[in-house]
>>> print(open('my_file_21.cif').read())   # mmCIF, C-alpha atoms, pLDDT in the B column; chains and numbers go by the auth columns
data_work
#
loop_
_atom_site.group_PDB
_atom_site.id
_atom_site.type_symbol
_atom_site.label_atom_id
_atom_site.label_comp_id
_atom_site.label_asym_id
_atom_site.label_seq_id
_atom_site.Cartn_x
_atom_site.Cartn_y
_atom_site.Cartn_z
_atom_site.B_iso_or_equiv
_atom_site.auth_seq_id
_atom_site.auth_asym_id
ATOM 1 C CA MET A 1 -20.919 48.146 -27.660 59.00 369 A
ATOM 2 C CA GLU A 2 -17.363 49.362 -27.542 66.00 370 A
ATOM 3 C CA PHE A 3 -14.340 47.378 -26.534 68.00 371 A
ATOM 4 C CA THR A 4 -11.698 49.076 -24.484 75.00 372 A
ATOM 5 C CA ARG A 5 -8.159 47.851 -24.563 74.00 373 A
ATOM 6 C CA ARG A 6 -8.705 46.246 -21.145 74.00 374 A
ATOM 7 C CA ASP A 7 -11.825 44.347 -22.276 73.00 375 A
ATOM 8 C CA THR A 8 -10.071 42.992 -25.321 72.00 376 A
ATOM 9 C CA LEU A 9 -7.186 41.724 -23.224 69.00 377 A
ATOM 10 C CA ALA A 10 -9.582 40.038 -20.767 72.00 378 A
ATOM 11 C CA LEU A 11 -11.449 38.371 -23.632 67.00 379 A
ATOM 12 C CA GLY A 12 -8.208 37.074 -25.091 67.00 380 A
ATOM 13 C CA LEU A 13 -7.151 35.645 -21.742 65.00 381 A
ATOM 14 C CA GLY A 14 -10.532 33.970 -21.271 64.00 382 A
ATOM 15 C CA ALA A 15 -10.349 32.359 -24.693 64.00 383 A
ATOM 16 C CA ALA A 16 -6.830 31.134 -23.994 61.00 384 A
ATOM 17 C CA ALA A 17 -7.957 29.584 -20.695 60.00 385 A
ATOM 18 C CA LEU A 18 -10.819 27.792 -22.474 56.00 386 A
ATOM 19 C CA THR A 19 -8.523 26.138 -24.996 56.00 387 A
ATOM 20 C CA VAL A 20 -6.191 24.983 -22.216 54.00 388 A
ATOM 21 C CA LEU A 21 -8.910 23.423 -20.031 53.00 389 A
ATOM 22 C CA PRO A 22 -9.508 20.180 -22.017 50.00 390 A
ATOM 23 C CA PHE A 23 -5.789 19.461 -21.884 49.00 391 A
ATOM 24 C CA ARG A 24 -5.912 19.723 -18.098 50.00 392 A
ATOM 25 C CA VAL A 25 -8.436 16.868 -17.972 52.00 393 A
ATOM 26 C CA ALA A 26 -6.247 14.706 -20.200 55.00 394 A
ATOM 27 C CA ALA A 27 -3.239 15.604 -18.072 60.00 395 A
ATOM 28 C CA SER A 28 -4.747 13.975 -14.999 81.00 396 A
ATOM 29 C CA ALA A 29 -4.835 10.678 -16.925 84.00 397 A
ATOM 30 C CA ASP A 30 -1.179 11.251 -17.775 86.00 398 A
ATOM 31 C CA ASP A 31 -0.493 11.846 -14.078 87.00 399 A
ATOM 32 C CA LYS A 32 -2.074 8.490 -13.269 87.00 400 A
ATOM 33 C CA ILE A 33 0.104 6.804 -15.894 90.00 401 A
ATOM 34 C CA ALA A 34 3.244 8.505 -14.571 89.00 402 A
ATOM 35 C CA GLU A 35 2.357 7.436 -11.039 87.00 403 A
ATOM 36 C CA PHE A 36 1.908 3.816 -12.143 89.00 404 A
ATOM 37 C CA THR A 37 4.950 3.511 -14.415 89.00 405 A
ATOM 38 C CA GLY A 38 7.263 6.008 -12.734 87.00 406 A
ATOM 39 C CA GLY A 39 7.875 7.525 -16.162 84.00 407 A
ATOM 40 C CA ALA A 40 9.282 4.304 -17.641 85.00 408 A
ATOM 41 C CA ASP A 41 8.980 3.549 -21.351 87.00 409 A
ATOM 42 C CA MET A 42 6.057 1.418 -22.454 88.00 410 A
ATOM 43 C CA LYS A 43 6.099 -1.271 -25.120 87.00 411 A
ATOM 44 C CA SER A 44 3.116 -1.744 -27.370 87.00 412 A
ATOM 45 C CA GLU A 45 3.272 -5.564 -27.448 87.00 413 A
ATOM 46 C CA GLY A 46 2.358 -7.997 -24.705 89.00 414 A
ATOM 47 C CA ILE A 47 -1.006 -6.572 -23.741 94.00 415 A
ATOM 48 C CA THR A 48 -4.407 -6.889 -25.351 94.00 416 A
ATOM 49 C CA LEU A 49 -7.343 -4.660 -24.545 95.00 417 A
ATOM 50 C CA THR A 50 -10.659 -5.810 -25.932 95.00 418 A
ATOM 51 C CA ALA A 51 -13.383 -3.179 -25.965 94.00 419 A
ATOM 52 C CA PRO A 52 -16.337 -2.626 -28.289 94.00 420 A
ATOM 53 C CA GLU A 53 -15.930 -0.124 -31.130 93.00 421 A
ATOM 54 C CA ILE A 54 -19.363 1.331 -30.448 93.00 422 A
ATOM 55 C CA ALA A 55 -21.068 1.184 -27.073 91.00 423 A
ATOM 56 C CA GLU A 56 -24.731 2.130 -27.122 88.00 424 A
ATOM 57 C CA ASN A 57 -24.907 2.555 -23.377 89.00 425 A
ATOM 58 C CA GLY A 58 -21.961 4.152 -21.582 89.00 426 A
ATOM 59 C CA ASN A 59 -23.175 2.772 -18.254 91.00 427 A
ATOM 60 C CA THR A 60 -21.992 -0.770 -18.933 92.00 428 A
ATOM 61 C CA VAL A 61 -19.220 -1.207 -21.447 94.00 429 A
ATOM 62 C CA PRO A 62 -17.663 -4.687 -21.337 95.00 430 A
ATOM 63 C CA ILE A 63 -13.880 -4.712 -21.535 95.00 431 A
ATOM 64 C CA THR A 64 -11.262 -7.466 -21.305 96.00 432 A
ATOM 65 C CA VAL A 65 -7.579 -7.018 -20.559 95.00 433 A
ATOM 66 C CA ASP A 66 -5.027 -9.750 -21.139 94.00 434 A
ATOM 67 C CA ALA A 67 -1.290 -9.451 -20.530 94.00 435 A
ATOM 68 C CA PRO A 68 0.497 -12.810 -20.091 93.00 436 A
ATOM 69 C CA GLY A 69 3.124 -12.543 -17.360 91.00 437 A
ATOM 70 C CA ALA A 70 1.914 -9.245 -15.958 93.00 438 A
ATOM 71 C CA ALA A 71 1.950 -8.545 -12.236 94.00 439 A
ATOM 72 C CA SER A 72 -0.733 -5.889 -12.477 94.00 440 A
ATOM 73 C CA ILE A 73 -2.828 -4.110 -15.081 95.00 441 A
ATOM 74 C CA MET A 74 -4.229 -0.604 -14.740 94.00 442 A
ATOM 75 C CA VAL A 75 -7.221 0.520 -16.820 95.00 443 A
ATOM 76 C CA LEU A 76 -7.924 4.197 -17.504 94.00 444 A
ATOM 77 C CA ALA A 77 -10.785 5.999 -19.231 94.00 445 A
ATOM 78 C CA THR A 78 -9.104 9.179 -20.451 92.00 446 A
ATOM 79 C CA GLY A 79 -12.344 11.067 -21.102 91.00 447 A
ATOM 80 C CA ASN A 80 -14.083 10.441 -17.774 90.00 448 A
ATOM 81 C CA PRO A 81 -14.342 13.069 -15.000 89.00 449 A
ATOM 82 C CA THR A 82 -12.054 10.786 -12.980 90.00 450 A
ATOM 83 C CA PRO A 83 -9.828 8.796 -15.339 91.00 451 A
ATOM 84 C CA GLY A 84 -9.142 5.827 -13.043 92.00 452 A
ATOM 85 C CA VAL A 85 -11.190 2.691 -13.686 94.00 453 A
ATOM 86 C CA ALA A 86 -9.547 -0.254 -11.954 94.00 454 A
ATOM 87 C CA THR A 87 -6.223 -1.877 -11.169 95.00 455 A
ATOM 88 C CA PHE A 88 -5.948 -5.665 -11.287 96.00 456 A
ATOM 89 C CA ASN A 89 -3.174 -7.220 -9.181 95.00 457 A
ATOM 90 C CA PHE A 90 -2.628 -10.865 -10.003 95.00 458 A
ATOM 91 C CA GLY A 91 -1.594 -13.284 -7.252 93.00 459 A
ATOM 92 C CA ALA A 92 0.285 -16.575 -7.226 92.00 460 A
ATOM 93 C CA LEU A 93 -2.770 -18.639 -8.175 93.00 461 A
ATOM 94 C CA ALA A 94 -4.032 -16.523 -11.051 93.00 462 A
ATOM 95 C CA GLY A 95 -4.682 -18.919 -13.925 91.00 463 A
ATOM 96 C CA SER A 96 -3.965 -16.257 -16.511 92.00 464 A
ATOM 97 C CA GLN A 97 -3.254 -12.549 -16.345 93.00 465 A
ATOM 98 C CA SER A 98 -6.565 -11.577 -17.851 93.00 466 A
ATOM 99 C CA ALA A 99 -9.832 -10.218 -16.536 95.00 467 A
ATOM 100 C CA THR A 100 -13.198 -9.058 -17.812 95.00 468 A
ATOM 101 C CA THR A 101 -15.379 -6.386 -16.258 95.00 469 A
ATOM 102 C CA ARG A 102 -17.938 -3.717 -17.151 95.00 470 A
ATOM 103 C CA ILE A 103 -17.110 -0.030 -16.965 94.00 471 A
ATOM 104 C CA ARG A 104 -18.747 3.387 -17.272 93.00 472 A
ATOM 105 C CA LEU A 105 -17.728 5.818 -20.002 93.00 473 A
ATOM 106 C CA ALA A 106 -18.875 9.440 -20.002 91.00 474 A
ATOM 107 C CA GLY A 107 -18.574 9.786 -23.771 91.00 475 A
ATOM 108 C CA THR A 108 -16.589 8.790 -26.840 93.00 476 A
ATOM 109 C CA GLN A 109 -12.980 8.416 -25.721 93.00 477 A
ATOM 110 C CA ASP A 110 -9.848 6.289 -25.547 93.00 478 A
ATOM 111 C CA VAL A 111 -9.661 3.489 -23.016 94.00 479 A
ATOM 112 C CA VAL A 112 -6.065 2.762 -22.002 94.00 480 A
ATOM 113 C CA ALA A 113 -4.655 -0.348 -20.321 95.00 481 A
ATOM 114 C CA ILE A 114 -1.126 -0.514 -18.934 94.00 482 A
ATOM 115 C CA ALA A 115 0.479 -3.740 -17.771 95.00 483 A
ATOM 116 C CA LYS A 116 3.347 -3.922 -15.292 94.00 484 A
ATOM 117 C CA PHE A 117 5.519 -6.995 -15.712 93.00 485 A
ATOM 118 C CA GLU A 118 7.564 -8.899 -13.124 89.00 486 A
ATOM 119 C CA ASP A 119 10.819 -7.603 -14.640 89.00 487 A
ATOM 120 C CA GLY A 120 9.753 -3.984 -14.185 89.00 488 A
ATOM 121 C CA SER A 121 8.850 -3.299 -17.807 92.00 489 A
ATOM 122 C CA PHE A 122 5.544 -1.865 -18.952 94.00 490 A
ATOM 123 C CA ALA A 123 3.245 -2.301 -21.924 94.00 491 A
ATOM 124 C CA ARG A 124 0.386 -0.115 -23.099 93.00 492 A
ATOM 125 C CA ALA A 125 -2.692 -0.723 -25.209 94.00 493 A
ATOM 126 C CA ALA A 126 -5.441 1.704 -26.136 94.00 494 A
ATOM 127 C CA SER A 127 -8.793 1.425 -27.828 94.00 495 A
ATOM 128 C CA THR A 128 -11.255 4.096 -28.923 95.00 496 A
ATOM 129 C CA VAL A 129 -14.843 3.477 -27.888 94.00 497 A
ATOM 130 C CA LYS A 130 -17.716 5.438 -29.407 93.00 498 A
ATOM 131 C CA VAL A 131 -20.402 6.038 -26.812 92.00 499 A
ATOM 132 C CA THR A 132 -23.949 6.862 -27.888 87.00 500 A
ATOM 133 C CA ILE A 133 -25.376 7.574 -24.407 79.00 501 A
ATOM 134 C CA GLY A 134 -22.891 8.657 -21.717 73.00 502 A
ATOM 135 C CA GLY A 135 -22.735 6.901 -18.390 69.00 503 A
ATOM 136 C CA CYS A 136 -22.150 9.599 -15.793 65.00 504 A
ATOM 137 C CA GLY A 137 -25.692 10.824 -15.252 62.00 505 A
ATOM 138 C CA GLY A 138 -24.732 14.295 -16.452 50.00 506 A
ATOM 139 C CA MET B 1 -26.123 1.612 3.386 50.00 1264 B
ATOM 140 C CA ALA B 2 -26.291 -0.710 0.527 58.00 1265 B
ATOM 141 C CA SER B 3 -29.353 -2.728 1.335 70.00 1266 B
ATOM 142 C CA GLY B 4 -29.875 -5.854 -0.672 77.00 1267 B
ATOM 143 C CA VAL B 5 -26.221 -6.348 -1.532 86.00 1268 B
ATOM 144 C CA ARG B 6 -26.004 -9.943 -2.695 88.00 1269 B
ATOM 145 C CA PRO B 7 -22.875 -11.557 -4.074 92.00 1270 B
ATOM 146 C CA ARG B 8 -23.217 -14.215 -6.752 93.00 1271 B
ATOM 147 C CA VAL B 9 -20.282 -16.378 -7.711 94.00 1272 B
ATOM 148 C CA LYS B 10 -19.956 -19.084 -10.325 93.00 1273 B
ATOM 149 C CA VAL B 11 -17.293 -21.721 -9.614 93.00 1274 B
ATOM 150 C CA PRO B 12 -17.157 -25.247 -11.089 93.00 1275 B
ATOM 151 C CA LYS B 13 -17.950 -27.987 -8.547 91.00 1276 B
ATOM 152 C CA SER B 14 -14.794 -29.919 -9.334 91.00 1277 B
ATOM 153 C CA ALA B 15 -11.578 -29.639 -11.317 92.00 1278 B
ATOM 154 C CA SER B 16 -8.500 -31.756 -11.900 92.00 1279 B
ATOM 155 C CA ALA B 17 -5.370 -30.833 -9.913 90.00 1280 B
ATOM 156 C CA GLY B 18 -3.453 -28.007 -11.548 90.00 1281 B
ATOM 157 C CA GLU B 19 -6.297 -27.130 -13.885 92.00 1282 B
ATOM 158 C CA THR B 20 -7.067 -23.523 -14.794 93.00 1283 B
ATOM 159 C CA ILE B 21 -10.709 -22.632 -14.281 94.00 1284 B
ATOM 160 C CA THR B 22 -12.731 -19.504 -15.025 95.00 1285 B
ATOM 161 C CA LEU B 23 -14.521 -17.771 -12.171 95.00 1286 B
ATOM 162 C CA LYS B 24 -17.377 -15.312 -12.608 95.00 1287 B
ATOM 163 C CA THR B 25 -18.498 -12.964 -9.866 96.00 1288 B
ATOM 164 C CA LEU B 26 -21.291 -10.433 -9.671 95.00 1289 B
ATOM 165 C CA ILE B 27 -22.437 -8.402 -6.688 94.00 1290 B
ATOM 166 C CA SER B 28 -25.570 -6.288 -6.648 93.00 1291 B
ATOM 167 C CA HIS B 29 -24.522 -2.777 -5.620 91.00 1292 B
ATOM 168 C CA PRO B 30 -25.581 0.676 -6.889 90.00 1293 B
ATOM 169 C CA MET B 31 -21.950 1.939 -7.194 91.00 1294 B
ATOM 170 C CA GLU B 32 -22.966 5.586 -6.769 90.00 1295 B
ATOM 171 C CA SER B 33 -20.199 7.446 -8.578 87.00 1296 B
ATOM 172 C CA GLY B 34 -20.363 10.777 -6.744 87.00 1297 B
ATOM 173 C CA GLN B 35 -20.890 12.576 -10.071 87.00 1298 B
ATOM 174 C CA ARG B 36 -24.666 12.400 -10.262 89.00 1299 B
ATOM 175 C CA LYS B 37 -27.096 14.997 -8.921 88.00 1300 B
ATOM 176 C CA ASP B 38 -30.530 14.457 -7.446 88.00 1301 B
ATOM 177 C CA SER B 39 -33.671 16.320 -8.585 91.00 1302 B
ATOM 178 C CA SER B 40 -32.863 19.382 -6.428 92.00 1303 B
ATOM 179 C CA GLY B 41 -29.328 19.665 -7.787 89.00 1304 B
ATOM 180 C CA ASN B 42 -27.393 18.272 -4.847 92.00 1305 B
ATOM 181 C CA VAL B 43 -24.550 15.912 -5.583 91.00 1306 B
ATOM 182 C CA ILE B 44 -25.330 12.363 -4.467 90.00 1307 B
ATOM 183 C CA PRO B 45 -22.317 11.301 -2.350 91.00 1308 B
ATOM 184 C CA ARG B 46 -20.030 8.585 -3.661 90.00 1309 B
ATOM 185 C CA SER B 47 -20.750 5.105 -2.378 91.00 1310 B
ATOM 186 C CA ILE B 48 -18.948 2.311 -4.159 92.00 1311 B
ATOM 187 C CA ILE B 49 -17.176 -0.953 -3.535 93.00 1312 B
ATOM 188 C CA ASN B 50 -13.518 0.047 -3.727 93.00 1313 B
ATOM 189 C CA ARG B 51 -11.745 -3.304 -3.563 95.00 1314 B
ATOM 190 C CA PHE B 52 -12.402 -6.906 -4.523 96.00 1315 B
ATOM 191 C CA THR B 53 -10.188 -9.871 -3.703 95.00 1316 B
ATOM 192 C CA CYS B 54 -10.282 -13.567 -4.447 96.00 1317 B
ATOM 193 C CA GLU B 55 -8.189 -16.055 -2.478 95.00 1318 B
ATOM 194 C CA PHE B 56 -7.811 -19.815 -2.671 94.00 1319 B
ATOM 195 C CA ASN B 57 -6.801 -21.535 0.589 93.00 1320 B
ATOM 196 C CA GLY B 58 -5.241 -18.254 1.722 91.00 1321 B
ATOM 197 C CA GLN B 59 -3.262 -17.654 -1.482 93.00 1322 B
ATOM 198 C CA MET B 60 -4.107 -14.613 -3.566 93.00 1323 B
ATOM 199 C CA VAL B 61 -5.698 -15.100 -6.978 95.00 1324 B
ATOM 200 C CA VAL B 62 -6.609 -11.529 -7.857 95.00 1325 B
ATOM 201 C CA ASP B 63 -6.871 -8.225 -6.014 95.00 1326 B
ATOM 202 C CA VAL B 64 -8.762 -5.475 -7.820 95.00 1327 B
ATOM 203 C CA THR B 65 -8.766 -1.791 -6.874 94.00 1328 B
ATOM 204 C CA MET B 66 -12.024 -0.313 -8.093 94.00 1329 B
ATOM 205 C CA GLU B 67 -12.896 3.285 -8.877 92.00 1330 B
ATOM 206 C CA PRO B 68 -16.226 4.992 -9.619 91.00 1331 B
ATOM 207 C CA ALA B 69 -15.964 4.106 -13.325 92.00 1332 B
ATOM 208 C CA ILE B 70 -16.891 0.489 -12.569 94.00 1333 B
ATOM 209 C CA SER B 71 -20.514 -0.144 -13.537 93.00 1334 B
ATOM 210 C CA THR B 72 -23.454 -0.767 -11.227 92.00 1335 B
ATOM 211 C CA ASN B 73 -23.493 -4.392 -10.050 93.00 1336 B
ATOM 212 C CA PRO B 74 -19.740 -4.968 -10.495 94.00 1337 B
ATOM 213 C CA TYR B 75 -18.949 -8.021 -12.584 95.00 1338 B
ATOM 214 C CA PHE B 76 -15.574 -9.737 -12.810 95.00 1339 B
ATOM 215 C CA GLU B 77 -14.440 -12.723 -14.776 95.00 1340 B
ATOM 216 C CA PHE B 78 -10.933 -14.154 -14.329 95.00 1341 B
ATOM 217 C CA ASP B 79 -8.973 -17.408 -14.281 95.00 1342 B
ATOM 218 C CA ALA B 80 -7.536 -19.325 -11.341 95.00 1343 B
ATOM 219 C CA THR B 81 -5.289 -22.343 -11.010 93.00 1344 B
ATOM 220 C CA VAL B 82 -6.508 -25.062 -8.651 93.00 1345 B
ATOM 221 C CA PRO B 83 -3.558 -27.006 -7.153 92.00 1346 B
ATOM 222 C CA GLU B 84 -5.632 -28.951 -4.600 92.00 1347 B
ATOM 223 C CA ALA B 85 -9.111 -29.272 -3.175 92.00 1348 B
ATOM 224 C CA GLY B 86 -10.106 -26.302 -1.099 93.00 1349 B
ATOM 225 C CA GLU B 87 -12.135 -23.183 -0.853 94.00 1350 B
ATOM 226 C CA PHE B 88 -12.324 -19.956 -2.818 95.00 1351 B
ATOM 227 C CA LYS B 89 -12.936 -16.902 -0.696 95.00 1352 B
ATOM 228 C CA PHE B 90 -14.338 -13.772 -2.329 96.00 1353 B
ATOM 229 C CA THR B 91 -14.324 -10.452 -0.481 95.00 1354 B
ATOM 230 C CA TRP B 92 -15.759 -7.074 -1.446 95.00 1355 B
ATOM 231 C CA TYR B 93 -14.891 -3.908 0.525 95.00 1356 B
ATOM 232 C CA ASP B 94 -17.483 -1.133 0.578 93.00 1357 B
ATOM 233 C CA ASP B 95 -16.707 2.602 0.986 91.00 1358 B
ATOM 234 C CA ASP B 96 -18.814 2.644 4.166 90.00 1359 B
ATOM 235 C CA GLY B 97 -16.636 -0.028 5.795 90.00 1360 B
ATOM 236 C CA ASP B 98 -18.915 -2.983 5.110 91.00 1361 B
ATOM 237 C CA VAL B 99 -17.258 -6.175 3.935 94.00 1362 B
ATOM 238 C CA TYR B 100 -19.211 -8.702 1.902 94.00 1363 B
ATOM 239 C CA GLU B 101 -17.926 -12.256 1.730 93.00 1364 B
ATOM 240 C CA ASP B 102 -18.728 -15.422 -0.134 94.00 1365 B
ATOM 241 C CA THR B 103 -16.984 -18.784 -0.183 94.00 1366 B
ATOM 242 C CA LYS B 104 -17.179 -21.652 -2.649 94.00 1367 B
ATOM 243 C CA ALA B 105 -15.631 -25.081 -2.146 94.00 1368 B
ATOM 244 C CA ILE B 106 -14.099 -26.989 -5.024 94.00 1369 B
ATOM 245 C CA ALA B 107 -13.272 -30.696 -5.128 93.00 1370 B
ATOM 246 C CA ILE B 108 -10.598 -32.505 -7.111 91.00 1371 B
ATOM 247 C CA GLY B 109 -12.039 -35.136 -9.370 80.00 1372 B
#
>>> encode(input="my_file_21.cif", output="structure tokens")
Amino acid sequence: MEFTRRDTLALGLGAAALTVLPFRVAASADDKIAEFTGGADMKSEGITLTAPEIAENGNTVPITVDAPGAASIMVLATGNPTPGVATFNFGALAGSQSATTRIRLAGTQDVVAIAKFEDGSFARAASTVKVTIGGCGG
Amino acid sequence: MASGVRPRVKVPKSASAGETITLKTLISHPMESGQRKDSSGNVIPRSIINRFTCEFNGQMVVDVTMEPAISTNPYFEFDATVPEAGEFKFTWYDDDGDVYEDTKAIAIG
């Protein structure tokens, strides 16, 4: 089969689009972060995210977030079809700014937690979780 | 939808005033993510619980916004301060408009 100049150009464009696509998915997680923080800088101290290193079943991955003094904590799964997981807003009677839940992960990826403090500052923690069986029924 | 949705909550029977206690909640719910397909290839529509709140005597303890990445049978564990005797109220809000509630009283002692 012969390649015309036009075909070659189209192939090149297609290949370029393919390499860009995964970044688009990651960008939507970045959008969520920007929406939550308003673009503010994030510290790396003051928040702990506990997640398993290896999760055999992506359908229920136990995670714990803990950020003393936080007003709210947002959890994101950067590799999921929809990156949002949950946002915890702590009220006046919260005994501690920590919570445990179980989440779904589509595959091996970074789980990110961002805490918003009363004084308007933010802190970020991330943890890579290896997933053996994905949890999105795909 | 959501037949057989049953909330289960674990709260100590009593606590001393000002003590911090751990609460555990679980509600049976399929949490259909909207990503799965049935055997004929049609997408199964999303049907999840999108919000969970816990209040004590009308004061907020925690308010959680939930997205499809929360597992089937959503489980939450968190801490609350108990200033006086009263009642914990747990509320789950379903996508279809249903609201599931549970209350647990706690005594000071």
>>> residues_around(input="my_file_21.cif", residues="Val1327 in chain B", least_positions_apart="3", cutoff="9 Å", atoms="all atoms listed in the file", output="list of chain:residue names")
A:Ala454, A:Thr455, A:Phe456, A:Asn457, A:Phe458, B:Asn1313, B:Arg1314, B:Phe1315, B:Thr1316, B:Cys1317
>>> closest_residue(input="my_file_21.cif", among="B:Phe1341, B:Trp1355, B:Ser1310, B:Arg1269", to="chain A", atoms="only C-alpha atoms")
B:Phe1341
>>> resolve_selection(input="my_file_21.cif", expression="the PyMOL selection byres ((chain B) within 9 of (chain A))", output="NGL selection string")
:B and (1282-1285 or 1296 or 1298-1300 or 1318-1319 or 1322-1335 or 1337-1346)
>>> closest_residue(input="my_file_21.cif", among="A:Thr405, A:Ser489, A:Gln477, A:Asn425", to="Gly447 in chain A", atoms="all atoms listed in the file")
A:Gln477
>>> residues_around(input="my_file_21.cif", residues="range 490-500 of chain A", least_positions_apart="3", cutoff="6 Å", atoms="all atoms listed in the file", output="PyMOL selection string")
chain A and resi 410-412+421-424+426+475-484
>>> closest_residue(input="my_file_21.cif", among="A:Val433, A:Thr446, A:Thr372, A:Ala438", to="Asp398 in chain A", atoms="only C-alpha atoms")
A:Thr446
>>> atom_distance(input="my_file_21.cif", atom1="CA of Ser1279 in chain B", atom2="CA of Ala1348 in chain B")
9.1 Å
>>> atom_distance(input="my_file_21.cif", atom1="CA of Gly1267 in chain B", atom2="CA of His1292 in chain B")
7.9 Å
>>> resolve_selection(input="my_file_21.cif", expression="the PyMOL selection byres ((chain B and resi 1358) around 8)", output="list in words")
Ser1310, Ile1311, Ile1312, Asn1313, Tyr1356, Asp1357, Asp1359, Gly1360 and Asp1361 of chain B
>>> axis_aligned_box(input="my_file_21.cif", around="range 1284-1298 of chain B", padding_each_side="5 Å", output="JSON")
{"center_x": -18.1, "center_y": -5.0, "center_z": -10.3, "size_x": 24.9, "size_y": 45.2, "size_z": 19.4}
>>> resolve_selection(input="my_file_21.cif", expression="the PyMOL selection byres ((chain B and resi 1288) around 7)", output="PyMOL selection string")
chain B and resi 1271-1273+1286-1287+1289-1290+1338-1340
>>> atom_distance(input="my_file_21.cif", atom1="CA of Tyr1363 in chain B", atom2="CA of Pro1275 in chain B")
21.1 Å
>>> residues_around(input="my_file_21.cif", residues="Phe1351 in chain B", least_positions_apart="3", cutoff="9 Å", atoms="only C-alpha atoms", output="list in words")
Val1274, Cys1317, Glu1318, Phe1319, Asn1320, Gly1321, Asp1365, Thr1366, Lys1367, Ala1368 and Ile1369 of chain B
>>> closest_residue(input="my_file_21.cif", among="A:Ala397, A:Arg374, A:Gly488, A:Ala435", to="Asp409 in chain A", atoms="only C-alpha atoms")
A:Gly488
>>> residues_near_point(input="my_file_21.cif", point="(-13.3, -28.1, -7.8)", cutoff="6 Å", atoms="all atoms listed in the file", output="list in words")
Pro1275, Lys1276, Ser1277, Ala1278, Ile1369, Ala1370 and Ile1371 of chain B
>>> build_atoms(input="my_file_21.cif", residues="range 413-424 of chain A", atoms="N, CA, C and O atoms", output="compact mmCIF listing (two decimals), keeping the file's coordinate frame")
# COMPACT_ATOMS: atom_id res chain seq x y z
N GLU A 413 3.65 -4.15 -27.37
CA GLU A 413 3.27 -5.56 -27.45
C GLU A 413 3.10 -6.13 -26.04
O GLU A 413 3.57 -5.55 -25.07
N GLY A 414 2.46 -7.28 -25.97
CA GLY A 414 2.36 -8.00 -24.70
C GLY A 414 1.10 -7.72 -23.93
O GLY A 414 0.87 -8.30 -22.88
N ILE A 415 0.26 -6.84 -24.43
CA ILE A 415 -1.01 -6.57 -23.74
C ILE A 415 -2.11 -6.42 -24.78
O ILE A 415 -1.89 -5.82 -25.84
N THR A 416 -3.25 -7.00 -24.47
CA THR A 416 -4.41 -6.89 -25.35
C THR A 416 -5.54 -6.27 -24.56
O THR A 416 -5.83 -6.69 -23.44
N LEU A 417 -6.16 -5.27 -25.14
CA LEU A 417 -7.34 -4.66 -24.54
C LEU A 417 -8.49 -4.86 -25.53
O LEU A 417 -8.41 -4.43 -26.67
N THR A 418 -9.51 -5.56 -25.07
CA THR A 418 -10.66 -5.81 -25.93
C THR A 418 -11.81 -4.94 -25.45
O THR A 418 -12.25 -5.08 -24.30
N ALA A 419 -12.26 -4.05 -26.30
CA ALA A 419 -13.38 -3.18 -25.96
C ALA A 419 -14.22 -3.02 -27.23
O ALA A 419 -13.69 -3.12 -28.33
N PRO A 420 -15.51 -2.78 -27.09
CA PRO A 420 -16.34 -2.63 -28.29
C PRO A 420 -16.00 -1.34 -29.03
O PRO A 420 -15.54 -0.37 -28.42
N GLU A 421 -16.19 -1.34 -30.35
CA GLU A 421 -15.93 -0.12 -31.13
C GLU A 421 -17.00 0.92 -30.83
O GLU A 421 -16.72 2.09 -30.69
N ILE A 422 -18.24 0.44 -30.75
CA ILE A 422 -19.36 1.33 -30.45
C ILE A 422 -20.11 0.77 -29.25
O ILE A 422 -20.46 -0.41 -29.23
N ALA A 423 -20.30 1.59 -28.24
CA ALA A 423 -21.07 1.18 -27.07
C ALA A 423 -22.33 2.03 -27.05
O ALA A 423 -22.26 3.25 -27.02
N GLU A 424 -23.49 1.36 -27.10
CA GLU A 424 -24.73 2.13 -27.12
C GLU A 424 -24.99 2.77 -25.78
O GLU A 424 -25.46 3.88 -25.68
